[in-house]
Structure formats: structure tokens, C-alpha cells
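Structure file input_11.txt with compact mmCIF, C-alpha atoms (C1' of nucleotides):
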# COMPACT_ATOMS: atom_id res chain seq x y z
CA MET M 1 34.59 19.40 -12.20
CA LYS M 2 32.42 16.84 -10.43
CA ILE M 3 28.66 17.36 -10.18
CA ALA M 4 26.24 15.09 -8.33
CA THR M 5 22.62 14.61 -7.35
CA TRP M 6 20.98 12.69 -4.51
CA ASN M 7 17.41 12.36 -3.32
CA VAL M 8 18.18 12.04 0.39
CA ASN M 9 14.57 11.38 1.53
CA SER M 10 14.85 13.62 4.62
CA LEU M 11 18.02 15.65 5.10
CA LYS M 12 17.48 15.53 8.86
CA VAL M 13 17.83 11.74 8.87
CA ARG M 14 20.50 11.57 6.14
CA LEU M 15 22.76 14.47 7.17
CA PRO M 16 25.53 12.23 8.62
CA GLN M 17 25.51 10.14 5.44
CA LEU M 18 25.60 13.27 3.29
CA LEU M 19 28.57 14.69 5.19
CA ASP M 20 30.43 11.39 4.87
CA TRP M 21 29.67 11.23 1.17
CA LEU M 22 30.82 14.83 0.55
CA ALA M 23 34.08 14.12 2.39
CA GLN M 24 34.75 11.04 0.25
CA ALA M 25 33.43 12.08 -3.16
CA LYS M 26 34.36 15.77 -2.94
CA PRO M 27 31.89 16.97 -5.58
CA ASP M 28 32.10 20.59 -6.72
CA VAL M 29 28.31 20.74 -6.96
CA MET M 30 25.78 18.63 -5.07
CA CYS M 31 22.05 18.77 -5.77
CA LEU M 32 19.67 17.43 -3.11
CA GLN M 33 16.00 16.51 -3.28
CA GLU M 34 13.36 15.65 -0.69
CA THR M 35 15.13 17.56 2.05
CA LYS M 36 11.74 17.78 3.84
CA LEU M 37 12.99 20.72 5.92
CA GLU M 38 11.73 24.24 6.34
CA ASP M 39 14.48 26.74 5.49
CA ALA M 40 14.87 27.77 9.14
CA ARG M 41 15.87 24.16 9.93
CA PHE M 42 18.39 23.71 7.09
CA PRO M 43 21.74 22.55 8.55
CA VAL M 44 23.73 25.54 7.30
CA ALA M 45 26.48 25.28 9.93
CA GLU M 46 27.18 21.59 9.25
CA ILE M 47 27.25 22.13 5.49
CA GLU M 48 29.59 25.12 5.82
CA ALA M 49 31.85 23.18 8.17
CA ALA M 50 32.10 20.57 5.41
CA GLY M 51 33.41 23.27 3.07
CA TYR M 52 30.24 23.99 1.11
CA ARG M 53 27.92 26.90 0.59
CA ALA M 54 24.26 26.15 0.11
CA VAL M 55 21.11 27.55 -1.37
CA PHE M 56 17.87 25.82 -0.47
CA ALA M 57 14.12 25.97 -0.83
CA GLY M 58 12.26 23.73 1.56
CA GLN M 59 8.95 23.01 3.21
CA LYS M 60 7.78 20.85 6.06
CA THR M 61 7.29 17.10 5.45
CA TYR M 62 7.36 17.10 1.64
CA ASN M 63 9.63 18.05 -1.26
CA GLY M 64 12.49 20.50 -0.71
CA VAL M 65 15.60 21.04 -2.86
CA ALA M 66 19.09 22.39 -2.28
CA ILE M 67 22.28 23.07 -4.19
CA LEU M 68 25.62 22.82 -2.40
CA ALA M 69 28.83 24.10 -3.96
CA ALA M 70 32.41 24.63 -2.95
CA ALA M 71 32.42 27.88 -4.97
CA SER M 72 29.91 30.69 -4.72
CA LEU M 73 26.33 30.24 -5.91
CA GLU M 74 25.03 33.13 -7.99
CA ALA M 75 21.85 34.21 -9.81
CA VAL M 76 19.70 31.89 -7.70
CA SER M 77 16.26 31.21 -9.15
CA SER M 78 13.29 29.05 -8.19
CA GLY M 79 12.19 28.74 -11.81
CA PHE M 80 8.54 29.00 -12.78
CA PRO M 81 5.80 29.73 -10.21
CA GLN M 82 4.63 26.59 -8.42
CA GLU M 83 3.04 25.46 -5.18
CA HIS M 84 5.77 23.00 -4.11
CA LYS M 85 9.49 23.44 -3.47
CA ARG M 86 10.74 21.36 -6.38
CA LEU M 87 13.10 23.55 -8.40
CA LEU M 88 16.19 25.59 -7.73
CA ALA M 89 18.81 26.99 -10.10
CA ALA M 90 22.12 28.72 -9.53
CA THR M 91 25.30 29.55 -11.41
CA VAL M 92 28.54 28.00 -10.14
CA ASP M 93 31.84 28.70 -11.88
CA GLY M 94 30.03 29.68 -15.06
CA LEU M 95 27.99 26.49 -15.00
CA ARG M 96 24.20 26.88 -14.80
CA VAL M 97 22.97 24.22 -12.36
CA VAL M 98 19.28 23.28 -12.18
CA CYS M 99 18.16 21.01 -9.34
CA VAL M 100 14.77 19.35 -9.85
CA TYR M 101 12.45 17.13 -7.85
CA CYS M 102 9.79 16.19 -10.38
CA PRO M 103 6.36 15.08 -9.11
CA ASN M 104 5.85 11.40 -8.43
CA GLY M 105 2.46 11.11 -10.14
CA GLN M 106 1.15 8.40 -7.79
CA ALA M 107 -0.83 6.41 -10.36
CA VAL M 108 -1.51 6.68 -14.08
CA GLY M 109 -4.79 8.53 -14.60
CA SER M 110 -4.85 10.11 -11.14
CA GLU M 111 -5.01 13.83 -10.41
CA LYS M 112 -1.37 13.71 -9.38
CA TYR M 113 -0.50 12.09 -12.70
CA ALA M 114 -2.10 15.00 -14.58
CA TYR M 115 -0.21 17.37 -12.29
CA LYS M 116 3.06 15.57 -13.08
CA LEU M 117 2.57 15.86 -16.84
CA ALA M 118 1.57 19.53 -16.57
CA TRP M 119 4.62 20.19 -14.39
CA PHE M 120 6.91 18.59 -16.96
CA ALA M 121 5.41 20.80 -19.68
CA GLN M 122 6.12 23.88 -17.56
CA LEU M 123 9.63 22.63 -16.85
CA ARG M 124 10.26 22.15 -20.57
CA ASP M 125 9.08 25.66 -21.41
CA TRP M 126 11.12 27.18 -18.59
CA LEU M 127 14.22 25.16 -19.50
CA ARG M 128 13.98 26.27 -23.13
CA ASP M 129 14.43 29.90 -22.02
CA GLU M 130 17.02 28.99 -19.41
CA LEU M 131 19.06 27.11 -21.99
CA ALA M 132 18.90 30.09 -24.36
CA ARG M 133 20.37 32.29 -21.63
CA HIS M 134 22.85 29.70 -20.30
CA PRO M 135 24.42 27.44 -22.96
CA ARG M 136 26.47 25.68 -20.27
CA LEU M 137 23.52 24.14 -18.44
CA ALA M 138 23.10 20.98 -16.36
CA VAL M 139 19.81 19.67 -14.96
CA LEU M 140 20.27 17.24 -12.09
CA GLY M 141 17.69 15.53 -9.97
CA ASP M 142 14.94 13.06 -9.37
CA PHE M 143 12.84 13.08 -12.54
CA ASN M 144 10.62 10.22 -11.42
CA VAL M 145 10.75 8.79 -14.94
CA ALA M 146 12.62 5.68 -16.06
CA PRO M 147 13.42 6.78 -19.63
CA GLU M 148 13.68 3.34 -21.26
CA ASP M 149 12.94 -0.30 -20.53
CA ARG M 150 16.61 -0.93 -19.74
CA ASP M 151 16.14 1.49 -16.82
CA VAL M 152 13.56 -0.86 -15.27
CA HIS M 153 14.30 -4.12 -13.45
CA ASP M 154 11.17 -5.85 -14.77
CA PRO M 155 9.78 -3.98 -17.78
CA ALA M 156 6.92 -6.43 -18.26
CA ALA M 157 5.70 -5.98 -14.69
CA TRP M 158 6.03 -2.20 -14.94
CA GLU M 159 4.50 -1.78 -18.40
CA GLY M 160 2.13 1.18 -18.46
CA GLN M 161 2.70 1.92 -14.76
CA ILE M 162 3.73 5.15 -13.10
CA HIS M 163 7.33 6.23 -13.94
CA VAL M 164 7.34 4.34 -17.25
CA SER M 165 4.03 5.19 -18.97
CA PRO M 166 4.42 6.48 -22.53
CA PRO M 167 3.22 10.03 -21.70
CA GLU M 168 5.79 10.29 -18.90
CA ARG M 169 8.56 9.03 -21.15
CA ALA M 170 7.46 11.47 -23.85
CA ALA M 171 7.61 14.30 -21.28
CA PHE M 172 11.15 13.26 -20.38
CA ARG M 173 12.15 13.00 -24.05
CA ALA M 174 10.77 16.49 -24.61
CA LEU M 175 13.45 17.74 -22.22
CA LEU M 176 16.15 15.92 -24.19
CA ASP M 177 14.71 17.40 -27.38
CA LEU M 178 15.59 20.86 -26.08
CA GLY M 179 19.20 19.84 -26.67
CA LEU M 180 20.04 17.98 -23.49
CA ALA M 181 21.79 14.63 -23.15
CA ASP M 182 21.21 11.99 -20.48
CA ALA M 183 24.81 11.89 -19.19
CA PHE M 184 24.53 8.31 -17.95
CA ARG M 185 23.92 7.07 -21.49
CA LEU M 186 26.94 8.86 -22.95
CA PHE M 187 29.02 5.92 -21.68
CA PRO M 188 28.85 2.14 -21.53
CA GLN M 189 27.16 1.11 -18.28
CA PRO M 190 26.57 -2.10 -16.36
CA GLU M 191 23.35 -3.94 -17.18
CA LYS M 192 20.52 -3.24 -14.76
CA SER M 193 21.86 0.02 -13.41
CA PHE M 194 19.34 1.73 -11.15
CA SER M 195 19.23 4.73 -8.82
CA TRP M 196 16.19 3.82 -6.70
CA TRP M 197 15.09 0.61 -5.02
CA ASP M 198 11.88 0.03 -3.08
CA TYR M 199 12.33 -0.21 0.68
CA ARG M 200 9.85 -3.09 0.61
CA ARG M 201 10.40 -6.66 -0.53
CA MET M 202 14.16 -6.35 -0.18
CA GLY M 203 14.24 -4.35 -3.39
CA PHE M 204 17.92 -3.48 -3.16
CA ARG M 205 19.08 -7.01 -2.44
CA ARG M 206 17.09 -8.26 -5.43
CA ASN M 207 18.27 -5.25 -7.51
CA ALA M 208 14.59 -4.59 -8.16
CA GLY M 209 15.04 -0.94 -9.02
CA LEU M 210 14.49 1.89 -11.45
CA ARG M 211 16.80 4.53 -12.90
CA ILE M 212 14.82 7.69 -12.21
CA ASP M 213 17.60 10.06 -11.06
CA GLU M 214 19.34 11.66 -13.99
CA ILE M 215 21.85 14.29 -15.05
CA LEU M 216 21.00 16.16 -18.27
CA LEU M 217 23.71 18.14 -20.02
CA SER M 218 23.59 20.79 -22.74
CA ASP M 219 25.76 20.17 -25.82
CA PRO M 220 28.91 21.97 -24.63
CA LEU M 221 28.79 20.10 -21.32
CA ALA M 222 27.97 16.75 -22.89
CA ARG M 223 31.10 17.13 -25.03
CA ALA M 224 33.09 17.94 -21.87
CA CYS M 225 31.65 15.03 -19.89
CA THR M 226 34.23 12.30 -19.24
CA ALA M 227 32.24 9.99 -16.95
CA CYS M 228 28.85 9.41 -15.36
CA ALA M 229 28.10 6.78 -12.74
CA ILE M 230 25.68 5.71 -10.06
CA ASP M 231 27.25 5.28 -6.62
CA LYS M 232 25.42 2.41 -4.96
CA ALA M 233 27.48 2.53 -1.76
CA PRO M 234 25.14 4.77 0.27
CA ARG M 235 22.22 2.43 -0.43
CA LYS M 236 24.09 -0.29 1.51
CA LEU M 237 24.34 1.77 4.71
CA GLU M 238 22.14 1.45 7.78
CA ARG M 239 18.95 3.47 7.38
CA PRO M 240 19.61 4.47 3.75
CA SER M 241 17.70 6.75 1.44
CA ASP M 242 15.78 4.71 -1.13
CA HIS M 243 17.71 6.69 -3.79
CA THR M 244 21.46 6.74 -4.30
CA PRO M 245 23.76 9.43 -5.76
CA VAL M 246 24.48 9.95 -9.46
CA VAL M 247 27.75 11.64 -10.38
CA ALA M 248 29.16 13.18 -13.55
CA GLU M 249 32.67 14.44 -14.32
CA LEU M 250 33.09 17.46 -16.57
CA ASN M 251 36.39 18.44 -18.11
CA VAL M 252 35.84 22.17 -17.63
CA ALA M 253 37.63 24.81 -15.63
CA GLY M 254 36.48 25.02 -12.05
CA THR M 255 37.84 26.61 -8.91
CA GLY M 256 36.75 23.69 -6.71
CA SER M 257 38.49 20.42 -5.91
CA ALA M 258 39.01 17.43 -8.21
C1' DA J 259 -4.87 -11.47 -0.93
C1' DT J 260 -2.07 -6.31 -4.11
C1' DG J 261 0.85 -5.77 0.81
C1' DG J 262 5.47 -5.78 1.95
C1' DC J 263 9.16 -0.21 4.09
C1' DT J 264 10.32 4.49 5.60
C1' DA J 265 9.47 9.35 7.06
C1' DC J 266 6.43 12.43 8.91
C1' DG J 267 2.99 14.44 11.76
C1' DA J 268 -0.70 13.13 13.65
C1' DT J 269 -1.11 10.15 17.92
C1' DC J 270 -0.13 4.15 17.88
C1' DC J 271 -3.13 5.41 12.31
C1' DG J 272 -3.17 8.07 7.79
C1' DT J 273 -0.63 10.14 3.95
C1' DA J 274 2.89 9.95 0.68
C1' DG J 275 6.56 8.26 -1.71
C1' DA J 276 7.88 5.28 -6.18

Using C-alpha cells, write down the structure from this file.
Amino acid sequence: MKIATWNVNSLKVRLPQLLDWLAQAKPDVMCLQETKLEDARFPVAEIEAAGYRAVFAGQKTYNGVAILAAASLEAVSSGFPQEHKRLLAATVDGLRVVCVYCPNGQAVGSEKYAYKLAWFAQLRDWLRDELARHPRLAVLGDFNVAPEDRDVHDPAAWEGQIHVSPPERAAFRALLDLGLADAFRLFPQPEKSFSWWDYRRMGFRRNAGLRIDEILLSDPLARACTACAIDKAPRKLERPSDHTPVVAELNVAGTGSA
DNA sequence: ATGGCTACGATCCGTAGA
């Protein structure tokens, strides 16, 4: 079973790239963030034509999440009460899938930073219950936290900044402490592996990036995980998202492809 | 000098992202 996540930074703009990627990668589950679409404008027909069902929670201009799956999506939940469309959960083939778009935080010490840390605390509390109900649980998405210095292209330049500050990293670790593993770090990986690169200053060409998109797996799924990788190919396309997909393979029964 | 790019919704500038 192949599961994936991608912050598409506008599904309207990235829909052709998403459809191409689905056709090539054939994931069983695909989590999307920053769709930036009201639900009435979600491209249901195009997604279904590609062989996927979808559940989505969107709003105009900002945020917005979706889960696509080849199999049926059941027990859909938007998690804890919140003002933004940042969280969606569904069960696919007995796998509990949680799609998250964690707040950016803007700048350390700002109001949005406090909001980010409070949101992570709520996410942790909600995930603790979710994990108790669903032992086979995966959390995929844009966490907006680079967990360690090796997830940062220039740790000295970023020290103490947004996405790497110690309170943010502690908030991320608190999720792992629930009994979740960062799938990417279950395997040897290339040095300087990132999932996001700034549009400015030729960030991608300089590989000036951060690894802020992650896949977290509960113990049974971590043991079943055979691979996790970042697919940089979409970042090389014309008019790319600033994020690129992250993919994990699970050796579990699934009715989908792969 | 502290931006540089992209998307969006408001109008050819401000907000937000990371």
C-alpha cells in the first residue's frame, strides 16, 4: 500500500500536475494541503476520472485539505473544533489516515506563533484519543516544522527561526512521543533531503530547503513500512508548488493498486 | 539594504506563505 502527501499550494493551479502524478505514482492514498478551494469548487469529476474518491474540507484563498483514495473513505472526521480547514481524517482499507496542514506561525513570538503552538497541543491531545481508537494510524501532511538540524539546509542561518525554534520542535516531538515514527527517518536517506524550497533566490536550484512535510506512523504501521522517500520531480516542473510529495510504502493488505 | 517568488483577491497593491 502506497500513501503520499503533497502541499499543492492551490489545487486549481496544480490540478494538471496532480493528475499526472497520480497516474505515474499510483498511490492508494493521497493527502493534499493548501487546496485553497471552497468545497463547491473542488474538482470532483477530474479526481473521479483519475480513479479516486475524495473527501475534502476547503475555504477560499487559504488552507484547505483533502484525502484521495482508490478505495472507499469511511468515518470521515474534521478532528477538533477549529476556525481553519486544516485537518481531515478518514479510514481507508482499515488504515486510519489523518491529513494535516499545521499553521505556519509566521515569526517566533508573533500571535500566529502562539496560535501554531496551541494548535499543535490540540492536535496532540486529539491524536492521543484517535490513536487509542485506531492502532493502525498514519498522519500525513505539512507540519511546518523541520524536526532536526539535518532537515535544514543552513542550520546556523535558521537557528531560532520559525519552523526550527525549540518550542516548535518540542511540539513536533510531542506527537512522536504519542507512539508515532517519522517514516522518513526509518531508512537511510540522502544528505540534505528537503520537501520545501523557497520560490525566491532560486531556492530549489541551490537546494536551499527544509524538510517540513512528514509522514508519521503508529507502531504497527512503522513495522510494516518498507520505504519512505521524497519525490523531487514535481518541483522541477513549470509553475511548481513550493512543496513536493512525500511517499511511504506499507506492506499491509490493501484493495488498491501497487 | 532584509528583499528576492507565487497565489489570491483586491485592483496594479496588500496579505500570506515558509

Show me, as a Markdown table, the residues of chain J having an atom within 10 Å of region 225-242 of chain M, each with the closest atom pair and its distance in Å, using all atoms listed in the file.
| residue | atom | partner | partner_atom | distance |
| --- | --- | --- | --- | --- |
| J:DC263 | C1' | M:Asp242 | CA | 9.8 |
| J:DT264 | C1' | M:Asp242 | CA | 8.7 |
| J:DG275 | C1' | M:Asp242 | CA | 9.9 |
| J:DA276 | C1' | M:Asp242 | CA | 9.4 |

Could those selected residues go to a file with C-alpha atoms (C1' of nucleotides), as a JSON list (two decimals), keeping the file's coordinate frame?
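Output below, filename again28.json:
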[["chain", "number", "residue", "atom", "x", "y", "z"],
["J", 263, "DC", "C1'", 9.16, -0.21, 4.09],
["J", 264, "DT", "C1'", 10.32, 4.49, 5.60],
["J", 275, "DG", "C1'", 6.56, 8.26, -1.71],
["J", 276, "DA", "C1'", 7.88, 5.28, -6.18]]

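Distance check against Ala174 (chain M) using only C-alpha atoms: of M:Val252, M:Leu123, M:Ala138, M:Ala224, the minimum falls on M:Leu123.
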
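Between CA of Leu140 (chain M) and CA of Arg200 (chain M) lies a distance of 26.1 Å.
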
### Task
Select residues of chain M: the criterion is any atom within 12 Å of an atom of chain J, counting all atoms listed in the file; output as a PyMOL selection string.
chain M and resi 7-14+34-37+60-63+102-107+112+142-146+158+161-164+195-204+209-213+239-243

### Task
Find the distance between CA of Leu250 (chain M) and CA of Ala4 (chain M) and write it in Å to one decimal.
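Computing the Euclidean distance for CA of Leu250 (chain M) and CA of Ala4 (chain M) yields 11.0 Å.
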
#### Entry: Between CA of Leu131 (chain M) and CA of Val100 (chain M), distance in Å (one decimal)
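Between CA of Leu131 (chain M) and CA of Val100 (chain M) the gap works out to 15.0 Å.
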
#### Entry: region 41-51 of chain M environment, 9 Å, only C-alpha atoms (C1' of nucleotides), sequence neighbours closer than 6 positions dropped, as a PyMOL selection string
chain M and resi 11-12+15+19+22-23+35+58+68-70

Report the centre and edge lengths, in Å to one decimal, of an axis-aligned box enclosing every atom of region 96-113 of chain M listed in the file, padded by 4 Å on each side, as JSON.
{"center_x": 9.6, "center_y": 16.6, "center_z": -11.3, "size_x": 37.2, "size_y": 28.5, "size_z": 15.0}

### Message
Nearest residue to Asp154 (chain M) out of M:Arg206, M:Trp126, M:Arg133, M:Arg185, using all atoms listed in the file?
### Response
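Closest residue, counting all atoms listed in the file: M:Arg206.
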
Working from the structure I just supplied, which lacks atoms in region 30-57 of chain M, can you model N, CA and C atoms there and output them as a PDB file, in the coordinates of the input?
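part19.pdb, written as the output of this step:
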ATOM      1  N   MET M  30      26.615  19.716  -5.577  1.00  0.00           N
ATOM      2  CA  MET M  30      25.780  18.630  -5.070  1.00  0.00           C
ATOM      3  C   MET M  30      24.334  19.104  -5.031  1.00  0.00           C
ATOM      4  N   CYS M  31      23.468  18.434  -5.783  1.00  0.00           N
ATOM      5  CA  CYS M  31      22.050  18.770  -5.770  1.00  0.00           C
ATOM      6  C   CYS M  31      21.307  17.778  -4.875  1.00  0.00           C
ATOM      7  N   LEU M  32      20.425  18.282  -4.033  1.00  0.00           N
ATOM      8  CA  LEU M  32      19.670  17.430  -3.110  1.00  0.00           C
ATOM      9  C   LEU M  32      18.178  17.585  -3.364  1.00  0.00           C
ATOM     10  N   GLN M  33      17.458  16.479  -3.191  1.00  0.00           N
ATOM     11  CA  GLN M  33      16.000  16.510  -3.280  1.00  0.00           C
ATOM     12  C   GLN M  33      15.383  15.824  -2.061  1.00  0.00           C
ATOM     13  N   GLU M  34      14.120  16.161  -1.847  1.00  0.00           N
ATOM     14  CA  GLU M  34      13.360  15.650  -0.690  1.00  0.00           C
ATOM     15  C   GLU M  34      14.092  15.916   0.623  1.00  0.00           C
ATOM     16  N   THR M  35      14.500  17.179   0.773  1.00  0.00           N
ATOM     17  CA  THR M  35      15.130  17.560   2.050  1.00  0.00           C
ATOM     18  C   THR M  35      14.101  17.543   3.182  1.00  0.00           C
ATOM     19  N   LYS M  36      12.849  17.834   2.867  1.00  0.00           N
ATOM     20  CA  LYS M  36      11.740  17.780   3.840  1.00  0.00           C
ATOM     21  C   LYS M  36      11.987  18.664   5.060  1.00  0.00           C
ATOM     22  N   LEU M  37      12.661  19.798   4.830  1.00  0.00           N
ATOM     23  CA  LEU M  37      12.990  20.720   5.920  1.00  0.00           C
ATOM     24  C   LEU M  37      12.563  22.136   5.564  1.00  0.00           C
ATOM     25  N   GLU M  38      11.945  22.815   6.507  1.00  0.00           N
ATOM     26  CA  GLU M  38      11.730  24.240   6.340  1.00  0.00           C
ATOM     27  C   GLU M  38      13.101  24.931   6.343  1.00  0.00           C
ATOM     28  N   ASP M  39      13.185  26.078   5.653  1.00  0.00           N
ATOM     29  CA  ASP M  39      14.480  26.740   5.490  1.00  0.00           C
ATOM     30  C   ASP M  39      15.127  27.073   6.832  1.00  0.00           C
ATOM     31  N   ALA M  40      14.318  27.409   7.827  1.00  0.00           N
ATOM     32  CA  ALA M  40      14.870  27.770   9.140  1.00  0.00           C
ATOM     33  C   ALA M  40      15.582  26.579   9.794  1.00  0.00           C
ATOM     34  N   ARG M  41      15.269  25.356   9.331  1.00  0.00           N
ATOM     35  CA  ARG M  41      15.870  24.160   9.930  1.00  0.00           C
ATOM     36  C   ARG M  41      16.978  23.569   9.058  1.00  0.00           C
ATOM     37  N   PHE M  42      17.330  24.240   7.964  1.00  0.00           N
ATOM     38  CA  PHE M  42      18.390  23.710   7.090  1.00  0.00           C
ATOM     39  C   PHE M  42      19.729  23.738   7.838  1.00  0.00           C
ATOM     40  N   PRO M  43      20.493  22.648   7.773  1.00  0.00           N
ATOM     41  CA  PRO M  43      21.740  22.550   8.550  1.00  0.00           C
ATOM     42  C   PRO M  43      22.895  23.341   7.940  1.00  0.00           C
ATOM     43  N   VAL M  44      22.739  24.658   7.934  1.00  0.00           N
ATOM     44  CA  VAL M  44      23.730  25.540   7.300  1.00  0.00           C
ATOM     45  C   VAL M  44      25.118  25.363   7.928  1.00  0.00           C
ATOM     46  N   ALA M  45      25.182  25.337   9.252  1.00  0.00           N
ATOM     47  CA  ALA M  45      26.480  25.280   9.930  1.00  0.00           C
ATOM     48  C   ALA M  45      27.232  23.996   9.567  1.00  0.00           C
ATOM     49  N   GLU M  46      26.535  22.862   9.566  1.00  0.00           N
ATOM     50  CA  GLU M  46      27.180  21.590   9.250  1.00  0.00           C
ATOM     51  C   GLU M  46      27.684  21.559   7.810  1.00  0.00           C
ATOM     52  N   ILE M  47      26.867  22.108   6.903  1.00  0.00           N
ATOM     53  CA  ILE M  47      27.250  22.130   5.490  1.00  0.00           C
ATOM     54  C   ILE M  47      28.470  23.046   5.289  1.00  0.00           C
ATOM     55  N   GLU M  48      28.453  24.191   5.950  1.00  0.00           N
ATOM     56  CA  GLU M  48      29.590  25.120   5.820  1.00  0.00           C
ATOM     57  C   GLU M  48      30.850  24.524   6.427  1.00  0.00           C
ATOM     58  N   ALA M  49      30.684  23.826   7.539  1.00  0.00           N
ATOM     59  CA  ALA M  49      31.850  23.180   8.170  1.00  0.00           C
ATOM     60  C   ALA M  49      32.448  22.122   7.244  1.00  0.00           C
ATOM     61  N   ALA M  50      31.627  21.570   6.372  1.00  0.00           N
ATOM     62  CA  ALA M  50      32.100  20.570   5.410  1.00  0.00           C
ATOM     63  C   ALA M  50      32.754  21.228   4.192  1.00  0.00           C
ATOM     64  N   GLY M  51      32.747  22.562   4.160  1.00  0.00           N
ATOM     65  CA  GLY M  51      33.410  23.270   3.070  1.00  0.00           C
ATOM     66  C   GLY M  51      32.499  23.647   1.920  1.00  0.00           C
ATOM     67  N   TYR M  52      31.207  23.675   2.178  1.00  0.00           N
ATOM     68  CA  TYR M  52      30.240  23.990   1.110  1.00  0.00           C
ATOM     69  C   TYR M  52      29.360  25.160   1.489  1.00  0.00           C
ATOM     70  N   ARG M  53      28.990  25.917   0.454  1.00  0.00           N
ATOM     71  CA  ARG M  53      27.920  26.900   0.590  1.00  0.00           C
ATOM     72  C   ARG M  53      26.650  26.233   0.109  1.00  0.00           C
ATOM     73  N   ALA M  54      25.524  26.788   0.490  1.00  0.00           N
ATOM     74  CA  ALA M  54      24.260  26.150   0.110  1.00  0.00           C
ATOM     75  C   ALA M  54      23.190  27.179  -0.197  1.00  0.00           C
ATOM     76  N   VAL M  55      22.379  26.855  -1.187  1.00  0.00           N
ATOM     77  CA  VAL M  55      21.110  27.550  -1.370  1.00  0.00           C
ATOM     78  C   VAL M  55      20.025  26.479  -1.286  1.00  0.00           C
ATOM     79  N   PHE M  56      18.879  26.849  -0.729  1.00  0.00           N
ATOM     80  CA  PHE M  56      17.870  25.820  -0.470  1.00  0.00           C
ATOM     81  C   PHE M  56      16.483  26.427  -0.499  1.00  0.00           C
ATOM     82  N   ALA M  57      15.524  25.574  -0.830  1.00  0.00           N
ATOM     83  CA  ALA M  57      14.120  25.970  -0.830  1.00  0.00           C
ATOM     84  C   ALA M  57      13.352  24.767  -0.299  1.00  0.00           C
TER      85      ALA M  57
END
